[in-house]
Amino acid sequence: MSVTVEKLIKDFDMEVLVEGKKNIEISVNDVNRPGLQLSGFYNYFAPERIQVIGKAEWSFLEDMGMELRRKRIDKYFSFNLKCIVITRDLEPHSEMLIAARKNNVWLIRTNLVTTKFISKLTIYLAGQLAPETRIHGVLVDVYGVGIVITGESGIGKSETALELIKRGHRLVTDDAVDIREIDGELIGKSPKITIGMLEVRGIGIIDVASLYGLSSISPEKEINLLMHFEHWKDDGDYDRLGLNNEYEEILGVKVKKLRIPVRPGRNIAVIIEAAAVNYRHSLMSDVTAVDIIEKRMDSIL
């Protein structure tokens, strides 16, 4: 995963002081403030990072003599830099402008203070460079719990999502779930083309936001549960006590998985609501329903 310098400039609405090479890609989510480098120390220098020059670095250069400043800047630009961002709308030194043009390096500027810019940039890069995959399913937000519904085509995933929307819950995406892993969490969202759309067999594609309001959809959601629909089998080995802990690994993150048998007359939407509430309860308490039953049995005996 990577992001181009041009996209970075557009997303942060930054000013281009010197235009560098086209289609330069940033593929690391760390930044570097080159204070040590401008003093002449280059051990462990990472030129592949976005370089950020704030008030401290600018003042350090300002206090140098012109010849020393030119020498230090030329040395700094001799590395294969991706781009340099000057914060606080500071005016770049003429030596830096010359070196940027000579080496065809992007030199850009923002009016944000350095710490705020780095904070926003770090969050932005974490999202842009996160590992990503796509799975077939429906992602809904039920009582604040992100639930991915999977199962073979035609089993009723979208119809169940529609019922949940009518009950006040929110749709994130139907049919395809784009998933990113950020700091050990899985964030699901919809492909851009199908945002807010739901396919119901026999009706077609419906615009959920237009029919049920903007509050019925969500742009993205952390994934907490995976519920797999399968056709009911009379001899199926289904969990009846809630003791089976099955997980599925997505992008290296384990997600709790529930297998839900489906047959006519079974209210799946209510079951999903119960699963969401039960999940929230499990985060706050280690006591399960089975533990309570066993305690009651012990008291009787």
# chains A, B, ... in the order shown; residues from 1 in each chain; ligands from 1
call {"tool": "select_by_dssp", "arguments": {"residues": "range 11-186 of chain A", "states": "strand (DSSP E)", "output": "JSON, numbers by chain"}}
result
{"A": [15, 16, 17, 18, 25, 26, 31, 32, 50, 51, 52, 53, 83, 84, 85, 86, 106, 107, 108, 109, 132, 133, 134, 135, 136, 138, 139, 140, 141, 142, 145, 146, 147, 148, 149, 150, 170, 171, 172, 173, 176, 177, 178, 179, 180, 181, 182, 185, 186]}
call {"tool": "closest_residue", "arguments": {"among": "A:Asp183, A:Asp30, A:Glu159, A:Asp174", "to": "Thr122 in chain A", "atoms": "only C-alpha atoms"}}
result
A:Asp30
call {"tool": "select_by_dssp", "arguments": {"residues": "range 96-132 of chain A", "states": "helix (DSSP H, G or I)", "output": "MDAnalysis selection string"}}
result
chainID A and resid 96:103 114:128
call {"tool": "closest_residue", "arguments": {"among": "A:Val262, A:Ile268, A:Ile206, A:Leu164", "to": "Lys233 in chain A", "atoms": "only C-alpha atoms"}}
result
A:Val262
call {"tool": "closest_residue", "arguments": {"among": "A:Arg170, A:Arg180, A:Lys102, A:Arg134", "to": "Ala209 in chain A", "atoms": "only C-alpha atoms"}}
result
A:Arg170
call {"tool": "residues_around", "arguments": {"residues": "Gly40 in chain A", "least_positions_apart": "6", "cutoff": "12 Å", "atoms": "only C-alpha atoms", "output": "PDB file with C-alpha atoms, in the first residue's frame"}}
result
ATOM      1  CA  PRO A  34      15.703  16.347  10.280  1.00  0.00           C
ATOM      2  CA  LEU A  68      27.528  26.312   6.275  1.00  0.00           C
ATOM      3  CA  ARG A  69      23.779  26.341   5.621  1.00  0.00           C
ATOM      4  CA  LYS A  71      26.725  22.838   2.716  1.00  0.00           C
ATOM      5  CA  ARG A  72      24.350  21.179   5.200  1.00  0.00           C
ATOM      6  CA  ILE A  73      21.336  21.512   2.896  1.00  0.00           C
ATOM      7  CA  ASP A  74      23.240  20.128  -0.102  1.00  0.00           C
ATOM      8  CA  LYS A  75      24.285  17.123   1.992  1.00  0.00           C
ATOM      9  CA  TYR A  76      20.692  16.616   3.165  1.00  0.00           C
TER      10      TYR A  76
END
call {"tool": "atom_distance", "arguments": {"atom1": "CA of Leu139 in chain A", "atom2": "CA of Ser158 in chain A"}}
result
9.8 Å
call {"tool": "closest_atom_pairs", "arguments": {"of": "range 212-238 of chain A", "to": "range 140-149 of chain A", "cutoff": "10 Å", "atoms": "only C-alpha atoms", "output": "JSON lines"}}
result
{"residue": "A:Ser216", "atom": "CA", "partner": "A:Asp141", "partner_atom": "CA", "distance": 9.5}
{"residue": "A:Ile217", "atom": "CA", "partner": "A:Asp141", "partner_atom": "CA", "distance": 8.7}
{"residue": "A:Ser218", "atom": "CA", "partner": "A:Asp141", "partner_atom": "CA", "distance": 7.8}
{"residue": "A:Glu220", "atom": "CA", "partner": "A:Asp141", "partner_atom": "CA", "distance": 9.2}
{"residue": "A:Lys221", "atom": "CA", "partner": "A:Gly146", "partner_atom": "CA", "distance": 5.9}
{"residue": "A:Glu222", "atom": "CA", "partner": "A:Gly146", "partner_atom": "CA", "distance": 5.6}
{"residue": "A:Ile223", "atom": "CA", "partner": "A:Gly146", "partner_atom": "CA", "distance": 4.6}
{"residue": "A:Asn224", "atom": "CA", "partner": "A:Gly146", "partner_atom": "CA", "distance": 5.2}
{"residue": "A:Leu225", "atom": "CA", "partner": "A:Ile147", "partner_atom": "CA", "distance": 4.8}
{"residue": "A:Leu226", "atom": "CA", "partner": "A:Val148", "partner_atom": "CA", "distance": 4.9}
{"residue": "A:Met227", "atom": "CA", "partner": "A:Ile149", "partner_atom": "CA", "distance": 4.9}
{"residue": "A:His228", "atom": "CA", "partner": "A:Ile149", "partner_atom": "CA", "distance": 5.8}
{"residue": "A:Phe229", "atom": "CA", "partner": "A:Ile149", "partner_atom": "CA", "distance": 7.1}
